[in-house]
Structure formats: C-alpha cells, structure tokens
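Asks: entry-v7.cif (mmCIF, C-alpha atoms) pasted underneath:
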```cif
data_query
#
loop_
_atom_site.label_atom_id
_atom_site.label_comp_id
_atom_site.auth_asym_id
_atom_site.auth_seq_id
_atom_site.Cartn_x
_atom_site.Cartn_y
_atom_site.Cartn_z
CA MET N 461 -50.53 -24.48 -8.97
CA VAL N 462 -51.88 -21.68 -11.15
CA SER N 463 -49.36 -20.39 -13.63
CA ASN N 464 -48.64 -16.71 -14.11
CA GLU N 465 -50.37 -16.82 -17.50
CA GLN N 466 -53.49 -18.45 -16.05
CA ARG N 467 -53.52 -15.93 -13.24
CA ARG N 468 -53.20 -13.08 -15.74
CA ARG N 469 -56.10 -14.43 -17.79
CA GLN N 470 -58.24 -14.87 -14.66
CA LEU N 471 -57.58 -11.29 -13.59
CA ALA N 472 -58.42 -10.08 -17.08
CA ARG N 473 -61.70 -12.00 -17.01
CA GLU N 474 -62.55 -10.58 -13.60
CA LYS N 475 -61.72 -7.06 -14.80
CA PHE N 476 -63.88 -7.55 -17.89
CA GLU N 477 -66.76 -8.87 -15.76
CA ARG N 478 -66.52 -5.87 -13.42
CA GLN N 479 -66.57 -3.52 -16.41
CA ARG N 480 -69.54 -5.38 -17.87
CA GLN N 481 -71.43 -5.14 -14.58
CA ARG N 482 -70.70 -1.40 -14.33
CA ARG N 483 -71.88 -0.87 -17.90
CA GLU N 484 -75.04 -2.86 -17.20
CA ALA N 485 -75.68 -0.93 -13.99
CA ALA N 486 -75.17 2.35 -15.84
CA ARG N 487 -77.51 1.17 -18.63
CA ARG N 488 -80.23 0.24 -16.11
CA LYS N 489 -79.80 3.56 -14.33
CA ALA N 490 -80.07 5.48 -17.59
CA HIS N 491 -83.09 3.43 -18.56
CA ARG N 492 -84.80 4.18 -15.26
CA ARG N 493 -83.95 7.88 -15.60
CA ASN N 494 -85.28 8.02 -19.14
CA ALA N 495 -88.40 6.13 -18.13
CA VAL N 496 -89.04 8.63 -15.35
CA ILE N 497 -88.47 11.54 -17.73
CA ALA N 498 -90.77 9.98 -20.33
CA ALA N 499 -93.42 9.34 -17.71
CA GLY N 500 -93.11 12.90 -16.48
CA VAL N 501 -93.47 14.26 -19.99
CA ALA N 502 -96.46 12.01 -20.58
CA VAL N 503 -98.08 13.26 -17.40
CA VAL N 504 -97.41 16.88 -18.35
CA LEU N 505 -98.75 16.33 -21.85
CA ALA N 506 -101.78 14.48 -20.53
CA ALA N 507 -102.43 17.19 -17.98
CA GLY N 508 -102.01 19.84 -20.64
CA ALA N 509 -104.27 18.01 -23.04
CA THR N 510 -106.85 17.60 -20.31
CA ALA N 511 -106.66 21.21 -19.24
CA TYR N 512 -106.53 22.76 -22.66
CA ALA N 513 -108.00 20.25 -25.12
CA THR N 514 -110.61 18.62 -22.96
CA GLY N 515 -110.86 20.03 -19.46
CA ALA N 516 -110.82 23.56 -20.76
CA LEU N 517 -113.70 22.62 -22.95
CA VAL N 518 -115.54 20.43 -20.48
CA ASP N 519 -115.38 21.19 -16.77
CA ASP N 520 -113.22 22.71 -14.04
CA LYS N 521 -113.32 20.15 -11.24
CA LYS N 522 -109.67 20.29 -10.19
CA LYS N 523 -106.71 22.63 -10.32
CA ASP N 524 -103.34 21.07 -11.13
CA THR N 525 -100.26 21.63 -9.01
CA ALA N 526 -98.81 24.10 -11.48
CA ALA N 527 -101.90 26.24 -11.09
CA ASP N 528 -101.68 25.90 -7.31
CA ALA N 529 -98.06 27.04 -7.42
CA ALA N 530 -98.76 29.96 -9.75
CA PRO N 531 -98.28 33.44 -8.31
CA THR N 532 -101.35 35.34 -7.24
CA PRO N 533 -102.56 37.18 -10.34
CA LYS N 534 -102.89 40.93 -10.31
CA LYS N 535 -106.35 42.36 -9.84
CA VAL N 536 -107.65 43.46 -13.22
CA PRO N 537 -110.52 45.93 -13.59
CA ASP N 538 -113.69 44.32 -14.90
CA PRO N 539 -114.28 45.79 -18.38
CA CYS N 540 -117.91 44.63 -18.54
CA ALA N 541 -121.25 45.95 -17.35
CA LYS N 542 -123.50 44.48 -14.69
CA PRO N 543 -125.78 41.62 -15.78
CA ALA N 544 -129.43 42.24 -16.55
CA PRO N 545 -131.85 41.12 -13.82
CA GLY N 546 -132.75 37.46 -14.01
CA THR N 547 -131.68 33.98 -12.99
CA PRO N 548 -130.09 31.19 -15.06
CA SER N 549 -132.29 28.43 -16.41
CA ALA N 550 -132.74 25.18 -14.51
CA LYS N 551 -134.56 23.40 -17.35
CA THR N 552 -133.48 20.00 -18.64
CA TRP N 553 -134.91 17.60 -21.21
CA LYS N 554 -134.71 13.84 -21.58
CA SER N 555 -134.00 13.76 -25.30
CA GLU N 556 -132.73 15.85 -28.19
CA PRO N 557 -135.40 18.14 -29.61
CA GLU N 558 -137.21 17.26 -32.82
CA MET N 559 -135.41 18.39 -35.96
CA THR N 560 -137.00 21.57 -37.28
CA VAL N 561 -134.11 23.46 -38.90
CA ASP N 562 -133.93 23.83 -42.65
CA LYS N 563 -130.45 22.78 -43.78
CA SER N 564 -130.74 25.02 -46.83
CA ALA N 565 -131.57 28.13 -44.79
CA SER N 566 -129.24 30.62 -43.12
CA TYR N 567 -129.21 30.90 -39.33
CA ALA N 568 -127.55 33.42 -37.05
CA MET N 569 -127.23 33.60 -33.30
CA ASN N 570 -126.75 36.79 -31.35
CA LEU N 571 -125.45 36.72 -27.81
CA THR N 572 -126.18 39.94 -25.97
CA THR N 573 -123.57 39.87 -23.21
CA THR N 574 -122.45 42.19 -20.46
CA CYS N 575 -119.23 42.73 -22.41
CA GLY N 576 -120.82 43.47 -25.78
CA ALA N 577 -122.54 41.65 -28.62
CA ILE N 578 -121.20 38.34 -29.94
CA ASP N 579 -122.64 37.63 -33.37
CA LEU N 580 -122.47 34.12 -34.78
CA LYS N 581 -123.24 32.70 -38.21
CA LEU N 582 -124.47 29.11 -37.76
CA ASP N 583 -123.75 26.28 -40.20
CA ALA N 584 -127.03 24.40 -40.47
CA ALA N 585 -125.95 22.65 -43.67
CA ASN N 586 -123.02 20.82 -42.04
CA ALA N 587 -124.08 20.72 -38.38
CA PRO N 588 -127.90 20.50 -38.48
CA HIS N 589 -128.36 18.68 -35.15
CA THR N 590 -126.17 21.19 -33.34
CA VAL N 591 -127.84 24.22 -34.89
CA ASN N 592 -131.27 22.70 -34.26
CA SER N 593 -130.39 22.20 -30.58
CA PHE N 594 -129.14 25.77 -30.21
CA ASP N 595 -132.25 27.12 -31.91
CA PHE N 596 -134.39 25.12 -29.47
CA LEU N 597 -132.40 26.10 -26.37
CA ALA N 598 -132.34 29.78 -27.30
CA LYS N 599 -136.12 29.80 -27.74
CA GLU N 600 -136.41 28.17 -24.30
CA GLY N 601 -134.28 30.92 -22.74
CA PHE N 602 -131.75 28.28 -21.67
CA PHE N 603 -128.69 30.48 -22.22
CA ASP N 604 -130.17 33.68 -20.78
CA HIS N 605 -128.45 34.98 -17.62
CA SER N 606 -125.74 32.28 -17.83
CA LYS N 607 -122.06 33.01 -17.26
CA CYS N 608 -119.27 32.24 -19.67
CA HIS N 609 -117.35 30.37 -17.01
CA ARG N 610 -113.95 29.63 -18.52
CA LEU N 611 -111.23 31.49 -20.40
CA THR N 612 -107.99 29.96 -21.65
CA THR N 613 -105.13 32.26 -22.55
CA ALA N 614 -102.28 29.75 -22.98
CA GLY N 615 -102.00 26.71 -25.23
CA ILE N 616 -105.42 27.36 -26.70
CA TYR N 617 -107.37 30.58 -26.83
CA VAL N 618 -111.06 30.15 -26.15
CA LEU N 619 -113.96 31.44 -24.09
CA GLN N 620 -116.32 28.69 -22.93
CA CYS N 621 -120.02 29.32 -22.35
CA GLY N 622 -123.35 27.53 -22.37
CA ASP N 623 -123.65 26.21 -18.80
CA PRO N 624 -126.38 27.87 -16.71
CA LYS N 625 -124.76 26.42 -13.59
CA GLY N 626 -121.58 28.37 -14.33
CA THR N 627 -119.42 25.46 -13.21
CA GLY N 628 -118.65 23.69 -16.48
CA GLN N 629 -120.66 20.66 -15.36
CA GLY N 630 -124.14 21.67 -16.47
CA GLY N 631 -126.10 20.85 -19.60
CA PRO N 632 -129.57 20.43 -21.13
CA GLY N 633 -130.04 16.82 -20.02
CA TYR N 634 -129.52 15.36 -23.48
CA THR N 635 -126.54 14.95 -25.81
CA ILE N 636 -126.17 15.43 -29.54
CA GLU N 637 -124.04 13.67 -32.12
CA ASP N 638 -120.72 14.99 -33.37
CA GLU N 639 -120.89 16.72 -36.73
CA ASN N 640 -118.66 18.41 -39.29
CA LEU N 641 -115.40 17.04 -37.83
CA LYS N 642 -113.87 16.88 -41.31
CA ASP N 643 -114.47 20.56 -41.97
CA SER N 644 -111.82 21.74 -44.42
CA LYS N 645 -111.15 24.78 -42.23
CA LEU N 646 -109.70 22.53 -39.49
CA LYS N 647 -106.30 22.21 -41.16
CA GLY N 648 -103.37 20.76 -39.21
CA ASN N 649 -105.54 20.18 -36.12
CA VAL N 650 -106.04 23.92 -35.75
CA TYR N 651 -109.36 25.53 -34.91
CA PRO N 652 -108.91 28.94 -36.54
CA ALA N 653 -109.78 32.21 -34.84
CA GLY N 654 -113.44 32.98 -35.36
CA THR N 655 -114.66 29.39 -34.91
CA VAL N 656 -117.51 28.45 -32.60
CA ALA N 657 -117.50 24.77 -31.61
CA MET N 658 -119.04 22.34 -29.14
CA ALA N 659 -117.44 21.26 -25.89
CA ASN N 660 -117.80 17.61 -24.89
CA THR N 661 -116.64 15.06 -22.31
CA GLY N 662 -113.80 13.81 -24.49
CA GLN N 663 -115.94 10.91 -25.71
CA PRO N 664 -117.77 10.82 -29.05
CA HIS N 665 -121.28 12.26 -29.29
CA THR N 666 -121.34 13.83 -25.82
CA GLY N 667 -122.00 17.46 -26.73
CA GLY N 668 -124.77 19.21 -24.81
CA SER N 669 -125.13 22.97 -24.49
CA GLN N 670 -121.58 24.09 -23.71
CA PHE N 671 -119.64 25.69 -26.54
CA PHE N 672 -116.41 27.57 -27.01
CA LEU N 673 -115.51 30.66 -28.97
CA VAL N 674 -112.02 30.71 -30.50
CA TYR N 675 -110.47 34.19 -30.43
CA GLN N 676 -107.00 33.08 -31.64
CA ASP N 677 -105.86 30.07 -33.69
CA SER N 678 -105.84 27.07 -31.32
CA GLN N 679 -104.21 23.65 -31.69
CA LEU N 680 -106.88 21.05 -30.91
CA PRO N 681 -107.72 17.57 -32.14
CA PRO N 682 -110.72 17.59 -34.52
CA GLN N 683 -113.19 16.13 -32.04
CA TYR N 684 -115.25 19.21 -31.23
CA THR N 685 -118.11 19.97 -33.62
CA PRO N 686 -117.48 23.28 -35.43
CA PHE N 687 -120.90 24.72 -36.12
CA GLY N 688 -120.40 28.35 -37.00
CA THR N 689 -118.22 31.42 -37.25
CA ILE N 690 -117.89 34.57 -35.16
CA GLY N 691 -118.57 37.95 -36.72
CA ALA N 692 -116.38 41.04 -36.54
CA GLU N 693 -118.31 42.56 -33.62
CA GLY N 694 -118.11 39.28 -31.74
CA MET N 695 -114.34 39.03 -32.23
CA LYS N 696 -113.95 42.56 -30.89
CA THR N 697 -115.90 41.60 -27.78
CA LEU N 698 -113.86 38.41 -27.32
CA LYS N 699 -110.57 40.30 -27.61
CA LYS N 700 -111.73 42.65 -24.83
CA ILE N 701 -112.63 39.70 -22.61
CA ALA N 702 -109.33 37.93 -23.32
CA ALA N 703 -107.30 41.10 -22.66
CA ALA N 704 -108.68 41.19 -19.11
CA GLY N 705 -107.22 37.71 -18.47
CA GLU N 706 -108.38 34.94 -16.19
CA GLN N 707 -108.40 34.55 -12.43
CA SER N 708 -105.99 31.66 -11.84
CA GLY N 709 -102.98 33.37 -13.40
CA ALA N 710 -102.08 30.00 -14.97
CA GLY N 711 -103.81 30.57 -18.30
CA ASP N 712 -106.98 28.61 -17.58
CA GLY N 713 -109.72 29.76 -15.26
CA ALA N 714 -112.72 31.97 -14.78
CA PRO N 715 -112.42 35.19 -16.77
CA ASN N 716 -111.68 38.39 -14.90
CA ALA N 717 -114.39 39.98 -17.00
CA THR N 718 -117.90 39.25 -15.78
CA VAL N 719 -119.18 37.66 -18.97
CA VAL N 720 -122.90 36.97 -18.70
CA ILE N 721 -125.22 36.20 -21.62
CA ASP N 722 -128.16 38.46 -20.93
CA LYS N 723 -130.02 37.17 -23.98
CA ALA N 724 -129.42 34.58 -26.71
CA ALA N 725 -131.48 34.62 -29.88
CA VAL N 726 -131.36 32.54 -33.08
CA THR N 727 -132.81 33.97 -36.29
CA ARG N 728 -133.42 32.44 -39.70
CA SER N 729 -133.06 34.23 -42.99
#
```
Could the structure of this file be written out as structure tokens, please?

Replies:
Amino acid sequence: MVSNEQRRRQLAREKFERQRQRREAARRKAHRRNAVIAAGVAVVLAAGATAYATGALVDDKKKDTAADAAPTPKKVPDPCAKPAPGTPSAKTWKSEPEMTVDKSASYAMNLTTTCGAIDLKLDAANAPHTVNSFDFLAKEGFFDHSKCHRLTTAGIYVLQCGDPKGTGQGGPGYTIEDENLKDSKLKGNVYPAGTVAMANTGQPHTGGSQFFLVYQDSQLPPQYTPFGTIGAEGMKTLKKIAAAGEQSGAGDGAPNATVVIDKAAVTRS
C-alpha cells in the first residue's frame, strides 16, 4: 500500500512534470514564433536589399506584394519636354573596347535630356575601364534616345539610366571590371549625393552600360563602381525629376517624368 507521504511525493513529481512540459511547450512555441518573425524580417530585408540595393540598380522583372498592395499613385504632370526624334541603339559588342583613355587627363560627360542637362565629371584616374567604356559607347551613340527607366524615392535615392531597351535588362553585350570600390568618399556604406556609379547584377565585375545618379545620400554596400560626380546643373535636373515621383507609388518604379537622353557626349580636356 502506498503511504500518504509516498502519494504526496508522487503527486508533487507529477505536478512538476506537468509544469516542465508546459514550460517546454511554451518555449517551443516562442521559438517557433521568433523563428517566423526572424524569417519574415529576413525576407523583408532581402526584398528591400534586392529592390533598393540591387534590383533598383539592375532590372525590374517583378513587383513585390507591397508594391501590388500600394494605393494607386496620383497622376503627376510630366515636367519634361518631348524626346528628340530618333530610336534607341540596338548595337552590342562581344568584348570590352580597347583602352584609349588617358588616366592623367580630365574627362566630362554631358547628358542632354528631355528634362534638362546632366553634367558629369568622370574619374579616369580611379575608374579607367569604366570611363573608357562610356567614352566608347557615347561615341557609338549607344545612349542616345534611351530612357532613364527607374527612379527610387525611398530607401535609396537614385535615377537609373543606360539601357536602350528601357527595361533594366539591356546592355552593350560585354561587361567591365569593378573599380574604385574603396573610394574614400564612400564612408559608412553611403553613396553621397552627386555620385554617378555603375549598376550591376549583384555579382562582381558584371557592370555593362547601366548607371545610376545619386540625388540624395543613399545607403548602399560598396559594390557599385563610383566613376564620377554630378555637376550643379545636373543635380538641379535630378531634383526636378525626383520631385515628380515614380509611377508605382511604392518608391521604386518608372519615373513620372519622361526622362530620355537625347544625346550623350564625352569630352577630354
């Protein structure tokens, strides 16, 4: 026969075991909840990084659900003029052009756009392959009549250009190496306002012809070749384009302004 003391101890053990099981169940539940939250945050961060640090600087194949759920943006008047007559280039090349730039010389690029001039000072000393490619492409008329197809107004603040297809998926047929990624101006993973840099696929040495113009300090990892700076007139033009917003209403999409590069020209001095 079980004594009262033994019975009391057995009940105490059973009570302790039930408490332990409840604590363990609560711990597992909390762990699952935290794992789901962490996964959700990771997905959001990854999506944000893709949209703003890579996708915004590469292509525009898909819209995320947040963009789909965004309210219909208000119609904004187009602040830019009609494009000059002409069609975008369809040229491509199998390999990077021969190096012809002088790293000790000064180079400038002027983009005559429907929204105004965008003047760029190019850094041939620190990004010679990039500047050489842009010099070559400009002489070939590659950028002429091409749209600046993407504007980001949240997270990062850039206008992306350089794709004659206007889809974010076009290029010259060749790629160039990354350069100048340790530029002292890229402090704290920030591309300062006034920077012009290369877009890429997110992988090293995959730049082509697409580039982005930073109109406000933007937090980005230093993996996009900075190869020049934007002049005062260019910043004024960019601010006008940015003020008109973008079409998705989610902070990343085609600009409301019809931004077309009528003519791109590189000069040496």

Asks: Using all atoms listed in the file, which of the listed residues (N:Lys700, N:Leu641, N:Arg610, N:Asp595) sits closest to N:Ser669?

Replies: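 Distance minimum relative to N:Ser669 lands on N:Asp595.
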
Asks: Have a look at N:Ala584, N:Ala472, N:Met658, N:Ala550 and name the one nearest to N:Gly601; count only C-alpha atoms.

Replies: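 Under the stated criterion, the closest residue is N:Ala550.
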
Asks: Using Å and a single decimal, report how far atom CA of N:Ala565 sits from atom CA of N:Arg728.

Replies: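 Atom-to-atom, atom CA of N:Arg728 and atom CA of N:Ala565 are spaced 6.9 Å apart.
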
Asks: Give me the result of the PyMOL selection byres ((chain N and resi 544) around 6) on this file, residue by residue, as JSON, numbers by chain.

Replies: {"N": [543, 545, 722]}

Asks: For the residues in the current selection, export C-alpha atoms as an mmCIF file, in the coordinates of the input.

Replies:
```cif
data_model
loop_
_atom_site.group_PDB
_atom_site.id
_atom_site.type_symbol
_atom_site.label_atom_id
_atom_site.label_comp_id
_atom_site.auth_asym_id
_atom_site.auth_seq_id
_atom_site.Cartn_x
_atom_site.Cartn_y
_atom_site.Cartn_z
ATOM 1 C CA PRO N 543 -125.780 41.620 -15.780
ATOM 2 C CA PRO N 545 -131.850 41.120 -13.820
ATOM 3 C CA ASP N 722 -128.160 38.460 -20.930
#
```

Asks: Please list as a PDB file with C-alpha atoms, in the frame of the given file every residue within 8 Å of N:Pro682, counting all atoms listed in the file and excluding residues in the same chain fewer than 2 positions away.

Replies:
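And here's out_38.pdb as it stands now:
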```
ATOM      1  CA  LEU N 641    -115.400  17.040 -37.830  1.00  0.00           C
ATOM      2  CA  LYS N 642    -113.870  16.880 -41.310  1.00  0.00           C
ATOM      3  CA  LEU N 646    -109.700  22.530 -39.490  1.00  0.00           C
ATOM      4  CA  ASN N 649    -105.540  20.180 -36.120  1.00  0.00           C
ATOM      5  CA  VAL N 650    -106.040  23.920 -35.750  1.00  0.00           C
ATOM      6  CA  LEU N 680    -106.880  21.050 -30.910  1.00  0.00           C
ATOM      7  CA  TYR N 684    -115.250  19.210 -31.230  1.00  0.00           C
ATOM      8  CA  THR N 685    -118.110  19.970 -33.620  1.00  0.00           C
TER       9      THR N 685
END
```

Asks: For N:Asp712, list every protein, DNA or RNA residue within 7 Å, evaluated using all atoms listed in the file, and leave out those in the same chain fewer than 4 positions away; present the list as a PyMOL selection string.

Replies: chain N and resi 611-613+706+708

Asks: Write the residues of the selection above to a file with C-alpha atoms, as a short mmCIF file (atom, residue, chain, number, x, y, z; two decimals), in the frame of the given file.

Replies:
```
data_model
loop_
_atom_site.label_atom_id
_atom_site.label_comp_id
_atom_site.auth_asym_id
_atom_site.auth_seq_id
_atom_site.Cartn_x
_atom_site.Cartn_y
_atom_site.Cartn_z
CA LEU N 611 -111.23 31.49 -20.40
CA THR N 612 -107.99 29.96 -21.65
CA THR N 613 -105.13 32.26 -22.55
CA GLU N 706 -108.38 34.94 -16.19
CA SER N 708 -105.99 31.66 -11.84
#
```

Asks: Which residues, named as in the file, does the PyMOL selection byres ((chain N and resi 689) around 6) pick out? Answer as a PyMOL selection string.

Replies: chain N and resi 580-581+654-656+688+690

Asks: Counting all atoms listed in the file, figure out which residue out of N:Asp643, N:Asn586, N:Ile701, N:Thr574 gets nearest to N:Pro537.

Replies: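 Of N:Asp643, N:Asn586, N:Ile701, N:Thr574, the one nearest N:Pro537, counting all atoms listed in the file, is N:Ile701.
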
Asks: Got a sec to resolve the PyMOL selection byres ((chain N and resi 677) around 10) on this structure and send the residues as a list in words?

Replies: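 Written out, the selection comes to Gly615, Ile616, Tyr617, Val618, Val650, Tyr651, Pro652, Ala653, Gly654, Thr655, Val674, Tyr675, Gln676, Ser678, Gln679 and Leu680 of chain N.
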
Asks: Between atom CA of N:Gln629 and atom CA of N:Ala585, measure the distance and give it in Å to one decimal.

Replies: 28.9 Å
